[in-house]
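Listing of run_7.pdb, PDB, N, CA and C atoms
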```pdb
ATOM      1  N   MET A  21      80.106 183.518 104.453
ATOM      2  CA  MET A  21      79.561 182.813 103.306
ATOM      3  C   MET A  21      80.445 181.605 103.014
ATOM      4  N   LYS A  22      79.844 180.449 102.873
ATOM      5  CA  LYS A  22      80.589 179.234 102.582
ATOM      6  C   LYS A  22      80.999 179.205 101.112
ATOM      7  N   PRO A  23      82.187 178.649 100.820
ATOM      8  CA  PRO A  23      82.649 178.596  99.424
ATOM      9  C   PRO A  23      81.678 177.889  98.485
ATOM     10  N   GLN A  24      80.991 176.854  98.961
ATOM     11  CA  GLN A  24      80.077 176.115  98.090
ATOM     12  C   GLN A  24      78.939 177.004  97.591
ATOM     13  N   TYR A  25      78.455 177.911  98.440
ATOM     14  CA  TYR A  25      77.407 178.834  98.001
ATOM     15  C   TYR A  25      77.935 179.746  96.902
ATOM     16  N   PHE A  26      79.167 180.198  97.036
ATOM     17  CA  PHE A  26      79.778 181.054  96.035
ATOM     18  C   PHE A  26      79.930 180.306  94.713
ATOM     19  N   ILE A  27      80.361 179.055  94.773
ATOM     20  CA  ILE A  27      80.518 178.242  93.566
ATOM     21  C   ILE A  27      79.162 178.016  92.900
ATOM     22  N   GLN A  28      78.111 177.808  93.661
ATOM     23  CA  GLN A  28      76.764 177.666  93.088
ATOM     24  C   GLN A  28      76.355 178.958  92.386
ATOM     25  N   ASP A  29      76.713 180.100  92.963
ATOM     26  CA  ASP A  29      76.416 181.387  92.320
ATOM     27  C   ASP A  29      77.128 181.507  90.982
ATOM     28  N   ILE A  30      78.373 181.029  90.910
ATOM     29  CA  ILE A  30      79.122 181.055  89.654
ATOM     30  C   ILE A  30      78.411 180.204  88.602
ATOM     31  N   ALA A  31      77.977 179.018  88.979
ATOM     32  CA  ALA A  31      77.277 178.134  88.041
ATOM     33  C   ALA A  31      75.995 178.784  87.540
ATOM     34  N   GLU A  32      75.231 179.390  88.420
ATOM     35  CA  GLU A  32      73.996 180.059  88.018
ATOM     36  C   GLU A  32      74.293 181.246  87.098
ATOM     37  N   TYR A  33      75.348 181.989  87.385
ATOM     38  CA  TYR A  33      75.727 183.121  86.550
ATOM     39  C   TYR A  33      76.038 182.656  85.132
ATOM     40  N   PHE A  34      76.871 181.616  85.001
ATOM     41  CA  PHE A  34      77.215 181.105  83.678
ATOM     42  C   PHE A  34      75.992 180.564  82.948
ATOM     43  N   ASN A  35      75.143 179.850  83.645
ATOM     44  CA  ASN A  35      73.922 179.333  83.004
ATOM     45  C   ASN A  35      73.048 180.469  82.499
ATOM     46  N   ASN A  36      72.892 181.521  83.292
ATOM     47  CA  ASN A  36      72.069 182.659  82.876
ATOM     48  C   ASN A  36      72.687 183.382  81.690
ATOM     49  N   LYS A  37      74.005 183.615  81.728
ATOM     50  CA  LYS A  37      74.684 184.303  80.632
ATOM     51  C   LYS A  37      74.625 183.490  79.350
ATOM     52  N   LEU A  38      74.899 182.205  79.456
ATOM     53  CA  LEU A  38      74.915 181.355  78.266
ATOM     54  C   LEU A  38      73.518 181.180  77.681
ATOM     55  N   SER A  39      72.520 181.036  78.528
ATOM     56  CA  SER A  39      71.166 180.813  78.014
ATOM     57  C   SER A  39      70.621 182.042  77.291
ATOM     58  N   SER A  40      71.175 183.221  77.590
ATOM     59  CA  SER A  40      70.709 184.425  76.903
ATOM     60  C   SER A  40      71.410 184.632  75.561
ATOM     61  N   THR A  41      72.477 183.865  75.293
ATOM     62  CA  THR A  41      73.228 184.063  74.054
ATOM     63  C   THR A  41      73.237 182.853  73.127
ATOM     64  N   ILE A  42      72.764 181.695  73.587
ATOM     65  CA  ILE A  42      72.752 180.486  72.758
ATOM     66  C   ILE A  42      71.393 179.822  72.823
ATOM     67  N   ASP A  43      71.131 178.978  71.838
ATOM     68  CA  ASP A  43      69.832 178.301  71.795
ATOM     69  C   ASP A  43      69.801 177.014  72.606
ATOM     70  N   GLY A  44      70.948 176.400  72.812
ATOM     71  CA  GLY A  44      70.995 175.116  73.494
ATOM     72  C   GLY A  44      71.060 175.256  74.999
ATOM     73  N   THR A  45      71.420 174.147  75.637
ATOM     74  CA  THR A  45      71.487 174.080  77.085
ATOM     75  C   THR A  45      72.843 173.551  77.514
ATOM     76  N   PHE A  46      73.486 174.254  78.450
ATOM     77  CA  PHE A  46      74.710 173.767  79.059
ATOM     78  C   PHE A  46      74.358 173.099  80.369
ATOM     79  N   ASN A  47      74.952 171.953  80.614
ATOM     80  CA  ASN A  47      74.819 171.267  81.888
ATOM     81  C   ASN A  47      76.209 171.128  82.493
ATOM     82  N   PHE A  48      76.365 171.686  83.680
ATOM     83  CA  PHE A  48      77.641 171.626  84.384
ATOM     84  C   PHE A  48      77.523 170.627  85.517
ATOM     85  N   GLY A  49      78.536 169.796  85.663
ATOM     86  CA  GLY A  49      78.601 168.904  86.815
ATOM     87  C   GLY A  49      79.115 169.689  88.007
ATOM     88  N   LYS A  50      80.063 169.123  88.694
ATOM     89  CA  LYS A  50      80.640 169.785  89.859
ATOM     90  C   LYS A  50      81.562 170.922  89.440
ATOM     91  N   ILE A  51      81.567 171.955  90.254
ATOM     92  CA  ILE A  51      82.551 173.026  90.126
ATOM     93  C   ILE A  51      83.330 173.022  91.428
ATOM     94  N   GLU A  52      84.626 172.718  91.305
ATOM     95  CA  GLU A  52      85.465 172.650  92.492
ATOM     96  C   GLU A  52      86.705 173.503  92.286
ATOM     97  N   GLY A  53      87.193 174.092  93.353
ATOM     98  CA  GLY A  53      88.421 174.853  93.276
ATOM     99  C   GLY A  53      88.288 176.219  93.907
ATOM    100  N   ASN A  54      89.234 177.090  93.552
ATOM    101  CA  ASN A  54      89.250 178.437  94.097
ATOM    102  C   ASN A  54      89.999 179.350  93.136
ATOM    103  N   PHE A  55      90.056 180.631  93.475
ATOM    104  CA  PHE A  55      90.694 181.600  92.595
ATOM    105  C   PHE A  55      92.226 181.549  92.656
ATOM    106  N   ILE A  56      92.775 180.826  93.592
ATOM    107  CA  ILE A  56      94.231 180.698  93.688
ATOM    108  C   ILE A  56      94.725 179.539  92.828
ATOM    109  N   LYS A  57      94.115 178.366  93.004
ATOM    110  CA  LYS A  57      94.567 177.165  92.286
ATOM    111  C   LYS A  57      93.806 176.910  90.995
ATOM    112  N   GLY A  58      92.703 177.594  90.790
ATOM    113  CA  GLY A  58      91.890 177.380  89.599
ATOM    114  C   GLY A  58      90.680 176.516  89.902
ATOM    115  N   PHE A  59      89.866 176.303  88.876
ATOM    116  CA  PHE A  59      88.622 175.555  89.024
ATOM    117  C   PHE A  59      88.596 174.377  88.059
ATOM    118  N   ASN A  60      88.076 173.263  88.523
ATOM    119  CA  ASN A  60      87.772 172.121  87.673
ATOM    120  C   ASN A  60      86.255 172.024  87.572
ATOM    121  N   VAL A  61      85.779 171.942  86.356
ATOM    122  CA  VAL A  61      84.343 171.866  86.097
ATOM    123  C   VAL A  61      84.097 170.605  85.279
ATOM    124  N   GLY A  62      83.179 169.790  85.749
ATOM    125  CA  GLY A  62      82.910 168.607  84.949
ATOM    126  C   GLY A  62      81.960 167.649  85.622
ATOM    127  N   PRO A  63      81.340 166.870  84.838
ATOM    128  CA  PRO A  63      81.349 166.895  83.378
ATOM    129  C   PRO A  63      80.560 168.096  82.833
ATOM    130  N   VAL A  64      80.853 168.458  81.595
ATOM    131  CA  VAL A  64      80.172 169.567  80.924
ATOM    132  C   VAL A  64      79.554 169.028  79.646
ATOM    133  N   GLU A  65      78.306 169.419  79.412
ATOM    134  CA  GLU A  65      77.605 168.958  78.206
ATOM    135  C   GLU A  65      76.774 170.102  77.630
ATOM    136  N   TYR A  66      76.821 170.234  76.310
ATOM    137  CA  TYR A  66      76.008 171.226  75.612
ATOM    138  C   TYR A  66      75.084 170.490  74.653
ATOM    139  N   THR A  67      73.783 170.747  74.759
ATOM    140  CA  THR A  67      72.802 170.084  73.903
ATOM    141  C   THR A  67      71.926 171.113  73.194
ATOM    142  N   GLU A  68      71.485 170.745  72.002
ATOM    143  CA  GLU A  68      70.491 171.511  71.252
ATOM    144  C   GLU A  68      69.454 170.526  70.741
ATOM    145  N   ASP A  69      68.199 170.798  71.013
ATOM    146  CA  ASP A  69      67.100 169.936  70.575
ATOM    147  C   ASP A  69      67.347 168.481  70.937
ATOM    148  N   ASN A  70      67.751 168.248  72.183
ATOM    149  CA  ASN A  70      68.019 166.908  72.716
ATOM    150  C   ASN A  70      69.155 166.177  72.016
ATOM    151  N   THR A  71      70.002 166.901  71.288
ATOM    152  CA  THR A  71      71.170 166.324  70.636
ATOM    153  C   THR A  71      72.418 166.866  71.308
ATOM    154  N   VAL A  72      73.310 165.975  71.723
ATOM    155  CA  VAL A  72      74.555 166.400  72.347
ATOM    156  C   VAL A  72      75.475 166.968  71.275
ATOM    157  N   ILE A  73      75.835 168.232  71.430
ATOM    158  CA  ILE A  73      76.731 168.912  70.496
ATOM    159  C   ILE A  73      78.169 168.832  71.007
ATOM    160  N   PHE A  74      78.346 168.960  72.294
ATOM    161  CA  PHE A  74      79.665 168.956  72.906
ATOM    162  C   PHE A  74      79.562 168.348  74.290
ATOM    163  N   SER A  75      80.541 167.515  74.639
ATOM    164  CA  SER A  75      80.624 167.016  76.009
ATOM    165  C   SER A  75      82.082 166.746  76.341
ATOM    166  N   THR A  76      82.399 166.923  77.608
ATOM    167  CA  THR A  76      83.752 166.656  78.075
ATOM    168  C   THR A  76      83.697 166.199  79.524
ATOM    169  N   LYS A  77      84.678 165.424  79.883
ATOM    170  CA  LYS A  77      84.737 164.923  81.252
ATOM    171  C   LYS A  77      85.039 166.058  82.231
ATOM    172  N   GLU A  78      85.946 166.959  81.827
ATOM    173  CA  GLU A  78      86.348 168.021  82.743
ATOM    174  C   GLU A  78      86.974 169.182  81.984
ATOM    175  N   ILE A  79      86.767 170.389  82.507
ATOM    176  CA  ILE A  79      87.404 171.597  81.996
ATOM    177  C   ILE A  79      88.115 172.258  83.170
ATOM    178  N   TYR A  80      89.353 172.679  82.931
ATOM    179  CA  TYR A  80      90.108 173.404  83.948
ATOM    180  C   TYR A  80      90.084 174.881  83.595
ATOM    181  N   ILE A  81      89.735 175.721  84.567
ATOM    182  CA  ILE A  81      89.724 177.173  84.391
ATOM    183  C   ILE A  81      90.780 177.769  85.291
ATOM    184  N   ASP A  82      91.740 178.465  84.694
ATOM    185  CA  ASP A  82      92.827 179.092  85.435
ATOM    186  C   ASP A  82      92.570 180.595  85.508
ATOM    187  N   PRO A  83      92.055 181.089  86.621
ATOM    188  CA  PRO A  83      91.800 182.526  86.741
ATOM    189  C   PRO A  83      93.125 183.282  86.881
ATOM    190  N   ASP A  84      93.402 184.148  85.962
ATOM    191  CA  ASP A  84      94.627 184.929  85.997
ATOM    192  C   ASP A  84      94.370 186.200  86.787
ATOM    193  N   LEU A  85      94.872 186.217  87.988
ATOM    194  CA  LEU A  85      94.612 187.351  88.881
ATOM    195  C   LEU A  85      95.742 188.376  88.859
ATOM    196  N   SER A  86      96.642 188.234  87.907
ATOM    197  CA  SER A  86      97.770 189.177  87.870
ATOM    198  C   SER A  86      97.403 190.444  87.127
TER     199      SER A  86
END
```
Please lay out the structure from this file as structure tokens.
Amino acid sequence: MKPQYFIQDIAEYFNNKLSSTIDGTFNFGKIEGNFIKGFNVGPVEYTEDNTVIFSTKEIYIDPDLS
């Protein structure tokens, strides 16, 4: 399995989880990285009723595997 397919699965998982708990829509740009060095996600935008509530150029996720 190629890493890019796995990263796409992560994006779909987050979209499904978030859409079941919030009214708005999250849009994720690229997800790059791995479980050793962490992930950079960006740009990220959250909208409700076509209004941007939150946006950022990039978010860093540090998976703590300890």
Selection near Lys57 of chain A, 8 Å with only N, CA and C atoms, sequence-local residues under 6 positions removed, as a ChimeraX atom specification: /A:81-83
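Atom pair atom N of Val61 of chain A / atom C of Tyr80 of chain A has a distance of 5.9 Å (rounded to one decimal).
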One-decimal distance in Å that lies between atom C of Phe34 of chain A and atom CA of Thr71 of chain A: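 Computing it gives 19.4 Å between the two atoms.
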Between atom N of Phe55 of chain A and atom C of Thr76 of chain A, distance in Å (one decimal):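 Going from atom N of Phe55 of chain A over to atom C of Thr76 of chain A covers 21.1 Å.
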Option closest in space to Asp69 of chain A, from A:Gly44, A:Ile30, A:Asn36, A:Gly49 [counting all atoms listed in the file]: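 Using all atoms listed in the file, the shortest distance to Asp69 of chain A belongs to A:Gly44.
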How about completing segment 61-76 of chain A with N, CA, C and O atoms and giving it to me as a PDB file, in the frame of the given file?
```
ATOM      1  N   VAL A  61      85.779 171.942  86.356  1.00  0.00           N
ATOM      2  CA  VAL A  61      84.343 171.866  86.097  1.00  0.00           C
ATOM      3  C   VAL A  61      84.097 170.605  85.279  1.00  0.00           C
ATOM      4  O   VAL A  61      84.725 170.386  84.252  1.00  0.00           O
ATOM      5  N   GLY A  62      83.179 169.790  85.749  1.00  0.00           N
ATOM      6  CA  GLY A  62      82.910 168.607  84.949  1.00  0.00           C
ATOM      7  C   GLY A  62      81.960 167.649  85.622  1.00  0.00           C
ATOM      8  O   GLY A  62      81.802 167.677  86.828  1.00  0.00           O
ATOM      9  N   PRO A  63      81.340 166.870  84.838  1.00  0.00           N
ATOM     10  CA  PRO A  63      81.349 166.895  83.378  1.00  0.00           C
ATOM     11  C   PRO A  63      80.560 168.096  82.833  1.00  0.00           C
ATOM     12  O   PRO A  63      79.731 168.665  83.530  1.00  0.00           O
ATOM     13  N   VAL A  64      80.853 168.458  81.595  1.00  0.00           N
ATOM     14  CA  VAL A  64      80.172 169.567  80.924  1.00  0.00           C
ATOM     15  C   VAL A  64      79.554 169.028  79.646  1.00  0.00           C
ATOM     16  O   VAL A  64      80.190 168.279  78.909  1.00  0.00           O
ATOM     17  N   GLU A  65      78.306 169.419  79.412  1.00  0.00           N
ATOM     18  CA  GLU A  65      77.605 168.958  78.206  1.00  0.00           C
ATOM     19  C   GLU A  65      76.774 170.102  77.630  1.00  0.00           C
ATOM     20  O   GLU A  65      76.141 170.843  78.362  1.00  0.00           O
ATOM     21  N   TYR A  66      76.821 170.234  76.310  1.00  0.00           N
ATOM     22  CA  TYR A  66      76.008 171.226  75.612  1.00  0.00           C
ATOM     23  C   TYR A  66      75.084 170.490  74.653  1.00  0.00           C
ATOM     24  O   TYR A  66      75.535 169.676  73.847  1.00  0.00           O
ATOM     25  N   THR A  67      73.783 170.747  74.759  1.00  0.00           N
ATOM     26  CA  THR A  67      72.802 170.084  73.903  1.00  0.00           C
ATOM     27  C   THR A  67      71.926 171.113  73.194  1.00  0.00           C
ATOM     28  O   THR A  67      71.686 172.201  73.704  1.00  0.00           O
ATOM     29  N   GLU A  68      71.485 170.745  72.002  1.00  0.00           N
ATOM     30  CA  GLU A  68      70.491 171.511  71.252  1.00  0.00           C
ATOM     31  C   GLU A  68      69.454 170.526  70.741  1.00  0.00           C
ATOM     32  O   GLU A  68      69.810 169.524  70.128  1.00  0.00           O
ATOM     33  N   ASP A  69      68.199 170.798  71.013  1.00  0.00           N
ATOM     34  CA  ASP A  69      67.100 169.936  70.575  1.00  0.00           C
ATOM     35  C   ASP A  69      67.347 168.481  70.937  1.00  0.00           C
ATOM     36  O   ASP A  69      67.206 167.573  70.109  1.00  0.00           O
ATOM     37  N   ASN A  70      67.751 168.248  72.183  1.00  0.00           N
ATOM     38  CA  ASN A  70      68.019 166.908  72.716  1.00  0.00           C
ATOM     39  C   ASN A  70      69.155 166.177  72.016  1.00  0.00           C
ATOM     40  O   ASN A  70      69.270 164.957  72.108  1.00  0.00           O
ATOM     41  N   THR A  71      70.002 166.901  71.288  1.00  0.00           N
ATOM     42  CA  THR A  71      71.170 166.324  70.636  1.00  0.00           C
ATOM     43  C   THR A  71      72.418 166.866  71.308  1.00  0.00           C
ATOM     44  O   THR A  71      72.574 168.087  71.448  1.00  0.00           O
ATOM     45  N   VAL A  72      73.310 165.975  71.723  1.00  0.00           N
ATOM     46  CA  VAL A  72      74.555 166.400  72.347  1.00  0.00           C
ATOM     47  C   VAL A  72      75.475 166.968  71.275  1.00  0.00           C
ATOM     48  O   VAL A  72      75.826 166.289  70.315  1.00  0.00           O
ATOM     49  N   ILE A  73      75.835 168.232  71.430  1.00  0.00           N
ATOM     50  CA  ILE A  73      76.731 168.912  70.496  1.00  0.00           C
ATOM     51  C   ILE A  73      78.169 168.832  71.007  1.00  0.00           C
ATOM     52  O   ILE A  73      79.106 168.667  70.234  1.00  0.00           O
ATOM     53  N   PHE A  74      78.346 168.960  72.294  1.00  0.00           N
ATOM     54  CA  PHE A  74      79.665 168.956  72.906  1.00  0.00           C
ATOM     55  C   PHE A  74      79.562 168.348  74.290  1.00  0.00           C
ATOM     56  O   PHE A  74      78.620 168.627  75.029  1.00  0.00           O
ATOM     57  N   SER A  75      80.541 167.515  74.639  1.00  0.00           N
ATOM     58  CA  SER A  75      80.624 167.016  76.009  1.00  0.00           C
ATOM     59  C   SER A  75      82.082 166.746  76.341  1.00  0.00           C
ATOM     60  O   SER A  75      82.890 166.424  75.464  1.00  0.00           O
ATOM     61  N   THR A  76      82.399 166.923  77.608  1.00  0.00           N
ATOM     62  CA  THR A  76      83.752 166.656  78.075  1.00  0.00           C
ATOM     63  C   THR A  76      83.697 166.199  79.524  1.00  0.00           C
ATOM     64  O   THR A  76      82.768 166.558  80.264  1.00  0.00           O
TER      65      THR A  76
END
```
